[in-house]
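Engineer: Quick one, run-v3.txt (compact mmCIF, C-alpha atoms):
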```txt
# COMPACT_ATOMS: atom_id res chain seq x y z
CA MET V 1 9.09 6.24 -15.80
CA ALA V 2 12.72 7.36 -15.52
CA ASN V 3 11.38 10.83 -14.95
CA ASN V 4 9.05 9.58 -12.25
CA VAL V 5 11.92 7.73 -10.54
CA GLY V 6 14.01 10.91 -10.52
CA SER V 7 11.06 12.88 -9.28
CA LEU V 8 10.50 10.46 -6.37
CA ASP V 9 14.22 10.60 -5.56
CA ARG V 10 14.09 14.37 -5.41
CA THR V 11 10.88 14.57 -3.41
CA PHE V 12 12.15 12.18 -0.74
CA ALA V 13 15.54 13.89 -0.65
CA ALA V 14 13.76 17.26 -0.28
CA CYS V 15 11.98 15.90 2.81
CA SER V 16 15.16 14.51 4.38
CA HIS V 17 16.30 17.71 6.13
CA PRO V 18 14.58 19.36 9.12
CA ILE V 19 14.91 22.91 7.71
CA ARG V 20 13.32 21.86 4.43
CA ARG V 21 10.50 20.09 6.27
CA SER V 22 9.96 23.21 8.40
CA ILE V 23 9.65 25.35 5.26
CA LEU V 24 7.14 22.89 3.79
CA GLU V 25 5.20 22.96 7.08
CA ARG V 26 5.11 26.78 7.19
CA LEU V 27 3.86 26.95 3.61
CA THR V 28 0.77 24.90 4.48
CA GLU V 29 -0.45 28.22 5.95
CA GLY V 30 -0.45 29.72 2.45
CA GLU V 31 1.76 31.77 0.17
CA MET V 32 4.44 33.84 1.92
CA SER V 33 7.65 35.74 1.26
CA VAL V 34 11.01 33.97 1.39
CA THR V 35 11.79 35.97 4.53
CA GLU V 36 8.67 34.69 6.30
CA ALA V 37 9.17 31.13 5.13
CA THR V 38 12.80 30.97 6.25
CA ARG V 39 12.80 33.15 9.38
CA GLY V 40 14.72 31.95 12.44
CA PHE V 41 16.83 29.15 11.03
CA ALA V 42 20.33 29.23 12.51
CA VAL V 43 22.11 28.81 9.18
CA SER V 44 23.69 31.12 6.61
CA LYS V 45 21.78 32.76 3.75
CA PRO V 46 23.61 30.65 1.14
CA ALA V 47 22.57 27.52 3.07
CA ILE V 48 18.94 28.70 3.04
CA SER V 49 19.21 29.35 -0.70
CA ARG V 50 20.48 25.83 -1.26
CA HIS V 51 17.60 24.36 0.75
CA LEU V 52 15.09 26.40 -1.28
CA ARG V 53 16.70 25.23 -4.51
CA VAL V 54 16.43 21.58 -3.44
CA LEU V 55 12.74 22.11 -2.62
CA GLU V 56 12.08 23.92 -5.92
CA GLU V 57 13.93 21.37 -8.07
CA ALA V 58 11.85 18.63 -6.45
CA GLY V 59 8.69 20.53 -7.36
CA THR V 60 7.66 20.65 -3.70
CA ILE V 61 7.51 24.47 -3.64
CA VAL V 62 6.92 27.15 -6.29
CA ARG V 63 8.62 30.56 -6.35
CA ALA V 64 6.94 33.62 -7.86
CA ILE V 65 9.16 36.62 -8.47
CA ASP V 66 7.44 40.00 -8.26
CA GLY V 67 10.03 42.72 -8.65
CA ARG V 68 12.37 42.35 -5.68
CA THR V 69 9.99 40.18 -3.72
CA HIS V 70 10.18 36.42 -3.98
CA ARG V 71 7.07 34.64 -2.81
CA LEU V 72 6.83 30.94 -2.09
CA ARG V 73 3.88 28.60 -2.14
CA LEU V 74 3.10 24.90 -2.25
CA PRO V 75 1.85 23.60 -5.59
CA ASP V 76 -1.58 21.93 -5.45
CA HIS V 77 -0.10 18.45 -5.49
CA SER V 78 2.93 18.98 -3.28
CA LEU V 79 4.50 15.63 -2.29
CA ASP V 80 1.76 13.62 -4.02
CA ASP V 81 4.11 11.21 -5.79
CA ALA V 82 6.04 10.38 -2.62
CA TYR V 83 2.86 10.09 -0.59
CA SER V 84 1.40 7.68 -3.15
CA TRP V 85 4.52 5.51 -3.09
CA MET V 86 4.44 5.36 0.73
CA SER V 87 0.73 4.62 0.83
CA ARG V 88 1.14 1.75 -1.62
CA HIS V 89 4.10 0.41 0.36
CA ARG V 90 2.12 0.46 3.59
CA GLU V 91 -0.90 -1.12 1.96
CA LEU V 92 1.15 -4.04 0.60
CA TRP V 93 2.95 -4.52 3.89
CA GLU V 94 -0.19 -4.37 6.01
CA ARG V 95 -1.89 -6.85 3.69
CA LYS V 96 1.09 -9.18 4.11
CA LEU V 97 0.98 -8.82 7.91
CA ASP V 98 -2.77 -9.60 7.81
CA VAL V 99 -2.12 -12.75 5.77
CA VAL V 100 0.56 -13.88 8.22
CA GLU V 101 -1.71 -13.16 11.18
CA THR V 102 -4.64 -15.05 9.65
CA TYR V 103 -2.36 -18.01 8.91
CA LEU V 104 -1.05 -18.07 12.48
CA ARG V 105 -4.56 -17.82 13.92
CA GLU V 106 -5.79 -20.68 11.73
CA ARG V 107 -2.81 -22.83 12.64
CA ARG V 108 -3.39 -22.24 16.35
CA SER V 109 -7.03 -23.15 15.85
CA VAL V 110 -6.09 -26.40 14.04
CA GLU V 111 -3.54 -27.23 16.75
CA THR V 112 -6.13 -26.65 19.47
CA ARG V 113 -8.61 -28.96 17.71
CA GLU V 114 -5.92 -31.59 17.16
CA GLY V 115 -4.92 -31.29 20.80
CA ARG V 116 -8.50 -32.00 21.83
CA ALA V 117 -8.94 -34.94 19.43
CA MET G 1 12.42 15.15 19.61
CA ALA G 2 15.98 15.51 18.28
CA ASN G 3 15.95 11.78 17.89
CA ASN G 4 12.68 11.91 16.00
CA VAL G 5 14.03 14.61 13.68
CA GLY G 6 17.09 12.48 12.92
CA SER G 7 14.88 9.47 12.42
CA LEU G 8 12.68 11.32 9.90
CA ASP G 9 15.80 12.57 8.09
CA ARG G 10 17.08 9.02 7.80
CA THR G 11 13.76 7.51 6.73
CA PHE G 12 13.24 10.06 3.95
CA ALA G 13 16.88 9.75 2.84
CA ALA G 14 16.48 5.96 2.78
CA CYS G 15 13.55 6.35 0.38
CA SER G 16 15.39 8.77 -1.92
CA HIS G 17 17.15 6.16 -4.07
CA PRO G 18 15.45 3.81 -6.58
CA ILE G 19 17.46 0.73 -5.53
CA ARG G 20 16.56 1.28 -1.87
CA ARG G 21 12.87 1.75 -2.78
CA SER G 22 13.02 -1.47 -4.85
CA ILE G 23 14.41 -3.38 -1.87
CA LEU G 24 11.66 -1.96 0.37
CA GLU G 25 9.07 -2.96 -2.27
CA ARG G 26 10.41 -6.52 -2.55
CA LEU G 27 10.36 -6.96 1.21
CA THR G 28 6.60 -6.29 1.32
CA GLU G 29 6.39 -9.90 0.05
CA GLY G 30 7.91 -11.06 3.34
CA GLU G 31 11.29 -12.00 4.81
CA MET G 32 13.93 -13.00 2.29
CA SER G 33 17.68 -13.50 1.94
CA VAL G 34 19.95 -10.60 1.01
CA THR G 35 20.53 -12.33 -2.35
CA GLU G 36 16.82 -12.43 -3.12
CA ALA G 37 16.21 -8.88 -1.93
CA THR G 38 19.07 -7.43 -3.99
CA ARG G 39 19.05 -9.60 -7.14
CA GLY G 40 19.45 -7.95 -10.53
CA PHE G 41 20.63 -4.48 -9.56
CA ALA G 42 23.36 -3.30 -11.96
CA VAL G 43 25.66 -2.04 -9.21
CA SER G 44 28.64 -3.43 -7.30
CA LYS G 45 28.36 -5.51 -4.13
CA PRO G 46 29.87 -2.71 -2.01
CA ALA G 47 27.25 -0.32 -3.40
CA ILE G 48 24.50 -2.81 -2.47
CA SER G 49 26.00 -3.10 1.02
CA ARG G 50 25.93 0.66 1.43
CA HIS G 51 22.29 0.82 0.35
CA LEU G 52 21.40 -1.91 2.85
CA ARG G 53 23.27 -0.05 5.59
CA VAL G 54 21.34 3.15 4.86
CA LEU G 55 18.05 1.22 5.03
CA GLU G 56 19.07 -0.53 8.28
CA GLU G 57 20.32 2.64 9.99
CA ALA G 58 17.01 4.30 9.15
CA GLY G 59 15.19 1.39 10.80
CA THR G 60 13.32 0.69 7.56
CA ILE G 61 14.63 -2.90 7.31
CA VAL G 62 15.84 -5.44 9.86
CA ARG G 63 18.63 -7.95 9.27
CA ALA G 64 18.72 -11.33 11.00
CA ILE G 65 22.01 -13.22 10.81
CA ASP G 66 21.72 -17.01 10.87
CA GLY G 67 25.17 -18.50 10.40
CA ARG G 68 26.27 -17.43 6.93
CA THR G 69 22.80 -16.44 5.83
CA HIS G 70 21.62 -12.88 6.25
CA ARG G 71 17.87 -12.51 6.07
CA LEU G 72 16.05 -9.20 5.66
CA ARG G 73 12.57 -8.16 6.64
CA LEU G 74 10.51 -5.04 7.17
CA PRO G 75 9.82 -4.12 10.80
CA ASP G 76 6.11 -3.89 11.67
CA HIS G 77 6.12 -0.11 11.50
CA SER G 78 8.42 0.41 8.54
CA LEU G 79 8.25 4.04 7.33
CA ASP G 80 5.52 4.96 9.84
CA ASP G 81 7.16 8.18 11.03
CA ALA G 82 7.69 9.50 7.52
CA TYR G 83 4.21 8.44 6.45
CA SER G 84 2.70 10.27 9.44
CA TRP G 85 4.61 13.43 8.66
CA MET G 86 3.46 13.34 5.00
CA SER G 87 -0.15 12.62 5.97
CA ARG G 88 -0.18 15.56 8.37
CA HIS G 89 1.38 17.83 5.74
CA ARG G 90 -1.25 16.85 3.16
CA GLU G 91 -4.06 17.24 5.65
CA LEU G 92 -2.98 20.80 6.55
CA TRP G 93 -2.48 21.73 2.94
CA GLU G 94 -5.79 20.29 1.75
CA ARG G 95 -7.60 22.07 4.59
CA LYS G 96 -5.96 25.34 3.50
CA LEU G 97 -6.98 24.76 -0.14
CA ASP G 98 -10.56 24.07 1.03
CA VAL G 99 -10.61 27.34 3.00
CA VAL G 100 -9.35 29.29 -0.03
CA GLU G 101 -11.91 27.61 -2.28
CA THR G 102 -14.79 28.34 0.11
CA TYR G 103 -13.67 31.97 0.38
CA LEU G 104 -13.54 32.37 -3.41
CA ARG G 105 -16.94 30.71 -3.84
CA GLU G 106 -18.50 33.03 -1.22
CA ARG G 107 -16.92 36.09 -2.78
CA ARG G 108 -18.25 35.17 -6.22
CA SER G 109 -21.67 34.68 -4.69
CA VAL G 110 -21.55 38.14 -3.01
CA GLU G 111 -20.36 39.74 -6.25
CA THR G 112 -23.21 38.11 -8.18
CA ARG G 113 -25.75 39.41 -5.66
CA GLU G 114 -24.21 42.90 -5.69
CA GLY G 115 -24.21 42.82 -9.50
CA ARG G 116 -27.97 42.09 -9.43
CA ALA G 117 -28.77 44.79 -6.81
```
Re-express the file's structure as structure tokens.

Structural biologist:
Amino acid sequence: MANNVGSLDRTFAACSHPIRRSILERLTEGEMSVTEATRGFAVSKPAISRHLRVLEEAGTIVRAIDGRTHRLRLPDHSLDDAYSWMSRHRELWERKLDVVETYLRERRSVETREGRA
Amino acid sequence: MANNVGSLDRTFAACSHPIRRSILERLTEGEMSVTEATRGFAVSKPAISRHLRVLEEAGTIVRAIDGRTHRLRLPDHSLDDAYSWMSRHRELWERKLDVVETYLRERRSVETREGRA
């Protein structure tokens, strides 16, 4: 459980920066080199390295080292834990909104009937 | 667009701490006072205030001040932007995995036929 909490923390934190989200987006096209995955960002190489480390430590990307080439890919279940938490949150909240809406509709209906009586 | 990027950053960052996720979870039950929403967390009042500020600034909760009582609620579309981004990411990634799987299945099938010929 504690592990899962930490994992959720890290996954959400990994998604909280536009460069890290861009890298995650690029990797949906498949495995690629670090150079391809991080091309064009207007930040220093150490900054890029830090972003990659945050993504790796969150388990949102996987790095394979083949000699001097580092290749990145998404694991099969990239972001699953965070997506599940959000889905559950939305489900609960939408159910609550439905209950409130039904209540308001029924009350209006009762008021209309009482108004007529 | 810049605004949307900042908004996504803030929503994901808001979700990256267990206390903030707990507050968001509690609020799916409906509007409640700050006391109810933040009861039982083993942190200081200033720390709680900071967590609430992060949630508010991300637009993930709304505070209504009625005299001395502060009430919290989820806005109708709490977390929608982040949920959409995650859904899109999953969709792209699952489509890619499907393409890879279909390719591998077809290749195996060709190899089997060539093996027989």

Engineer: Need the shell around G:Ala64: protein/DNA/RNA residues with any atom at most 10 Å away, counting only C-alpha atoms. Skip same-chain ones fewer than 5 positions apart. Format as a PyMOL selection string?

Structural biologist: chain G and resi 31+33+69-73

Engineer: At a cut-off of 12 Å, using only C-alpha atoms, what residues contact stretch 42-54 of chain V? Leave out same-chain residues fewer than 3 positions from it and give the result as a ChimeraX atom specification.

Structural biologist: /V:7,9-24,34-35,37-39,57-63,70-73

Engineer: In Å, rounded to a single decimal, give me how far atom CA of V:Phe41 is from atom CA of G:Ser87.

Structural biologist: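 Atom-to-atom, atom CA of G:Ser87 to atom CA of V:Phe41, that is 24.2 Å.
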
Engineer: Using every C-alpha atom paired in order, could you least-squares fit chain G onto chain V and give me the moved chain as a PDB file with C-alpha atoms, in the coordinates of the input?

Structural biologist:
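File produced: out-v3.pdb:
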```pdb
ATOM      1  CA  MET G   1       9.069   6.273 -15.796  1.00  0.00           C
ATOM      2  CA  ALA G   2      12.715   7.365 -15.512  1.00  0.00           C
ATOM      3  CA  ASN G   3      11.380  10.822 -14.935  1.00  0.00           C
ATOM      4  CA  ASN G   4       9.053   9.574 -12.232  1.00  0.00           C
ATOM      5  CA  VAL G   5      11.903   7.725 -10.514  1.00  0.00           C
ATOM      6  CA  GLY G   6      14.008  10.894 -10.510  1.00  0.00           C
ATOM      7  CA  SER G   7      11.048  12.868  -9.269  1.00  0.00           C
ATOM      8  CA  LEU G   8      10.491  10.472  -6.343  1.00  0.00           C
ATOM      9  CA  ASP G   9      14.217  10.603  -5.523  1.00  0.00           C
ATOM     10  CA  ARG G  10      14.081  14.383  -5.411  1.00  0.00           C
ATOM     11  CA  THR G  11      10.864  14.584  -3.396  1.00  0.00           C
ATOM     12  CA  PHE G  12      12.129  12.192  -0.716  1.00  0.00           C
ATOM     13  CA  ALA G  13      15.533  13.920  -0.630  1.00  0.00           C
ATOM     14  CA  ALA G  14      13.758  17.274  -0.266  1.00  0.00           C
ATOM     15  CA  CYS G  15      11.969  15.943   2.820  1.00  0.00           C
ATOM     16  CA  SER G  16      15.140  14.537   4.400  1.00  0.00           C
ATOM     17  CA  HIS G  17      16.292  17.739   6.119  1.00  0.00           C
ATOM     18  CA  PRO G  18      14.581  19.412   9.117  1.00  0.00           C
ATOM     19  CA  ILE G  19      14.904  22.957   7.719  1.00  0.00           C
ATOM     20  CA  ARG G  20      13.320  21.897   4.421  1.00  0.00           C
ATOM     21  CA  ARG G  21      10.483  20.118   6.280  1.00  0.00           C
ATOM     22  CA  SER G  22       9.959  23.270   8.395  1.00  0.00           C
ATOM     23  CA  ILE G  23       9.651  25.388   5.251  1.00  0.00           C
ATOM     24  CA  LEU G  24       7.148  22.906   3.779  1.00  0.00           C
ATOM     25  CA  GLU G  25       5.198  23.002   7.075  1.00  0.00           C
ATOM     26  CA  ARG G  26       5.109  26.814   7.162  1.00  0.00           C
ATOM     27  CA  LEU G  27       3.873  26.984   3.587  1.00  0.00           C
ATOM     28  CA  THR G  28       0.773  24.936   4.476  1.00  0.00           C
ATOM     29  CA  GLU G  29      -0.436  28.265   5.940  1.00  0.00           C
ATOM     30  CA  GLY G  30      -0.429  29.721   2.425  1.00  0.00           C
ATOM     31  CA  GLU G  31       1.803  31.784   0.137  1.00  0.00           C
ATOM     32  CA  MET G  32       4.445  33.852   1.887  1.00  0.00           C
ATOM     33  CA  SER G  33       7.666  35.754   1.223  1.00  0.00           C
ATOM     34  CA  VAL G  34      11.027  33.988   1.344  1.00  0.00           C
ATOM     35  CA  THR G  35      11.799  36.000   4.502  1.00  0.00           C
ATOM     36  CA  GLU G  36       8.690  34.733   6.262  1.00  0.00           C
ATOM     37  CA  ALA G  37       9.173  31.153   5.102  1.00  0.00           C
ATOM     38  CA  THR G  38      12.813  31.015   6.223  1.00  0.00           C
ATOM     39  CA  ARG G  39      12.831  33.195   9.366  1.00  0.00           C
ATOM     40  CA  GLY G  40      14.734  32.018  12.427  1.00  0.00           C
ATOM     41  CA  PHE G  41      16.829  29.203  10.992  1.00  0.00           C
ATOM     42  CA  ALA G  42      20.345  29.285  12.489  1.00  0.00           C
ATOM     43  CA  VAL G  43      22.107  28.832   9.153  1.00  0.00           C
ATOM     44  CA  SER G  44      23.695  31.134   6.575  1.00  0.00           C
ATOM     45  CA  LYS G  45      21.795  32.766   3.715  1.00  0.00           C
ATOM     46  CA  PRO G  46      23.614  30.628   1.121  1.00  0.00           C
ATOM     47  CA  ALA G  47      22.583  27.509   3.049  1.00  0.00           C
ATOM     48  CA  ILE G  48      18.953  28.715   3.037  1.00  0.00           C
ATOM     49  CA  SER G  49      19.219  29.348  -0.710  1.00  0.00           C
ATOM     50  CA  ARG G  50      20.471  25.824  -1.280  1.00  0.00           C
ATOM     51  CA  HIS G  51      17.608  24.361   0.745  1.00  0.00           C
ATOM     52  CA  LEU G  52      15.104  26.402  -1.271  1.00  0.00           C
ATOM     53  CA  ARG G  53      16.717  25.233  -4.511  1.00  0.00           C
ATOM     54  CA  VAL G  54      16.423  21.588  -3.448  1.00  0.00           C
ATOM     55  CA  LEU G  55      12.735  22.116  -2.611  1.00  0.00           C
ATOM     56  CA  GLU G  56      12.088  23.931  -5.920  1.00  0.00           C
ATOM     57  CA  GLU G  57      13.930  21.377  -8.069  1.00  0.00           C
ATOM     58  CA  ALA G  58      11.861  18.639  -6.443  1.00  0.00           C
ATOM     59  CA  GLY G  59       8.699  20.543  -7.379  1.00  0.00           C
ATOM     60  CA  THR G  60       7.662  20.670  -3.719  1.00  0.00           C
ATOM     61  CA  ILE G  61       7.527  24.496  -3.651  1.00  0.00           C
ATOM     62  CA  VAL G  62       6.939  27.153  -6.299  1.00  0.00           C
ATOM     63  CA  ARG G  63       8.615  30.562  -6.365  1.00  0.00           C
ATOM     64  CA  ALA G  64       6.941  33.618  -7.876  1.00  0.00           C
ATOM     65  CA  ILE G  65       9.185  36.620  -8.496  1.00  0.00           C
ATOM     66  CA  ASP G  66       7.475  40.008  -8.277  1.00  0.00           C
ATOM     67  CA  GLY G  67      10.088  42.718  -8.692  1.00  0.00           C
ATOM     68  CA  ARG G  68      12.412  42.346  -5.716  1.00  0.00           C
ATOM     69  CA  THR G  69      10.019  40.182  -3.762  1.00  0.00           C
ATOM     70  CA  HIS G  70      10.211  36.423  -4.027  1.00  0.00           C
ATOM     71  CA  ARG G  71       7.085  34.672  -2.847  1.00  0.00           C
ATOM     72  CA  LEU G  72       6.843  30.949  -2.127  1.00  0.00           C
ATOM     73  CA  ARG G  73       3.893  28.615  -2.170  1.00  0.00           C
ATOM     74  CA  LEU G  74       3.110  24.922  -2.278  1.00  0.00           C
ATOM     75  CA  PRO G  75       1.860  23.601  -5.623  1.00  0.00           C
ATOM     76  CA  ASP G  76      -1.570  21.934  -5.455  1.00  0.00           C
ATOM     77  CA  HIS G  77      -0.081  18.456  -5.491  1.00  0.00           C
ATOM     78  CA  SER G  78       2.956  19.017  -3.305  1.00  0.00           C
ATOM     79  CA  LEU G  79       4.513  15.669  -2.284  1.00  0.00           C
ATOM     80  CA  ASP G  80       1.764  13.641  -3.996  1.00  0.00           C
ATOM     81  CA  ASP G  81       4.111  11.218  -5.755  1.00  0.00           C
ATOM     82  CA  ALA G  82       6.037  10.402  -2.597  1.00  0.00           C
ATOM     83  CA  TYR G  83       2.849  10.127  -0.562  1.00  0.00           C
ATOM     84  CA  SER G  84       1.393   7.692  -3.116  1.00  0.00           C
ATOM     85  CA  TRP G  85       4.493   5.540  -3.053  1.00  0.00           C
ATOM     86  CA  MET G  86       4.439   5.400   0.781  1.00  0.00           C
ATOM     87  CA  SER G  87       0.710   4.643   0.875  1.00  0.00           C
ATOM     88  CA  ARG G  88       1.145   1.777  -1.575  1.00  0.00           C
ATOM     89  CA  HIS G  89       4.102   0.422   0.406  1.00  0.00           C
ATOM     90  CA  ARG G  90       2.107   0.481   3.655  1.00  0.00           C
ATOM     91  CA  GLU G  91      -0.908  -1.086   2.012  1.00  0.00           C
ATOM     92  CA  LEU G  92       1.152  -4.018   0.667  1.00  0.00           C
ATOM     93  CA  TRP G  93       2.931  -4.479   3.949  1.00  0.00           C
ATOM     94  CA  GLU G  94      -0.218  -4.333   6.073  1.00  0.00           C
ATOM     95  CA  ARG G  95      -1.917  -6.827   3.748  1.00  0.00           C
ATOM     96  CA  LYS G  96       1.070  -9.164   4.176  1.00  0.00           C
ATOM     97  CA  LEU G  97       0.940  -8.803   7.981  1.00  0.00           C
ATOM     98  CA  ASP G  98      -2.806  -9.589   7.873  1.00  0.00           C
ATOM     99  CA  VAL G  99      -2.147 -12.742   5.825  1.00  0.00           C
ATOM    100  CA  VAL G 100       0.532 -13.892   8.289  1.00  0.00           C
ATOM    101  CA  GLU G 101      -1.756 -13.178  11.238  1.00  0.00           C
ATOM    102  CA  THR G 102      -4.676 -15.081   9.692  1.00  0.00           C
ATOM    103  CA  TYR G 103      -2.383 -18.026   8.938  1.00  0.00           C
ATOM    104  CA  LEU G 104      -1.084 -18.127  12.522  1.00  0.00           C
ATOM    105  CA  ARG G 105      -4.603 -17.855  13.951  1.00  0.00           C
ATOM    106  CA  GLU G 106      -5.816 -20.741  11.741  1.00  0.00           C
ATOM    107  CA  ARG G 107      -2.833 -22.879  12.649  1.00  0.00           C
ATOM    108  CA  ARG G 108      -3.421 -22.334  16.364  1.00  0.00           C
ATOM    109  CA  SER G 109      -7.048 -23.264  15.856  1.00  0.00           C
ATOM    110  CA  VAL G 110      -6.087 -26.512  14.030  1.00  0.00           C
ATOM    111  CA  GLU G 111      -3.545 -27.352  16.733  1.00  0.00           C
ATOM    112  CA  THR G 112      -6.158 -26.813  19.451  1.00  0.00           C
ATOM    113  CA  ARG G 113      -8.597 -29.121  17.658  1.00  0.00           C
ATOM    114  CA  GLU G 114      -5.903 -31.761  17.084  1.00  0.00           C
ATOM    115  CA  GLY G 115      -4.896 -31.466  20.748  1.00  0.00           C
ATOM    116  CA  ARG G 116      -8.516 -32.219  21.747  1.00  0.00           C
ATOM    117  CA  ALA G 117      -8.913 -35.168  19.310  1.00  0.00           C
TER     118      ALA G 117
END
```

Engineer: To box stretch 82-87 of chain V, take all atoms listed in the file, fit an axis-aligned box, add 3 Å on each side, and give centre and edge lengths in Å to one decimal, as AutoDock Vina command-line options.

Structural biologist:
```
--center_x 3.4 --center_y 7.5 --center_z -1.2 --size_x 11.3 --size_y 11.8 --size_z 10.0
```

Engineer: Could you tell me which of V:Glu56, V:Ser109, V:Arg116, V:Leu74 comes closest to chain G if we count all atoms listed in the file?

Structural biologist: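 Answer, going by the shortest atom-to-atom distance: V:Leu74.
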
Engineer: Using Å and a single decimal, report how far atom CA of V:Arg108 sits from atom CA of V:Leu92.

Structural biologist: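 We find that atom CA of V:Leu92 and atom CA of V:Arg108 lie 24.5 Å from each other.
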
Engineer: Rank nothing, just name the residue among G:Glu29, G:Asp81, G:Glu111, G:Asp98 nearest to chain V, using all atoms listed in the file.

Structural biologist: G:Glu29

Engineer: Report, in Å with one decimal, the straight-line distance from atom CA of V:Arg105 to atom CA of G:Pro75.

Structural biologist: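 Atom-to-atom, atom CA of V:Arg105 to atom CA of G:Pro75, that is 20.1 Å.
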
Engineer: When distances are computed from all atoms listed in the file, which of G:Arg88, G:Thr28, G:Ala82, G:Ile65 shows the smallest separation from chain V?

Structural biologist: G:Thr28

Engineer: Would you mind telling me which residue in V:Gly67, V:Gly30, V:Leu8, V:Gly40 lies nearest to V:Leu79 when using all atoms listed in the file?

Structural biologist: V:Leu8

Engineer: Here is a test: counting all atoms listed in the file, which residue of V:Lys96, V:Arg107, V:Arg68, V:Arg113 is nearest to chain G?

Structural biologist: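 Residue with the minimum atom-to-atom distance to chain G: V:Lys96.
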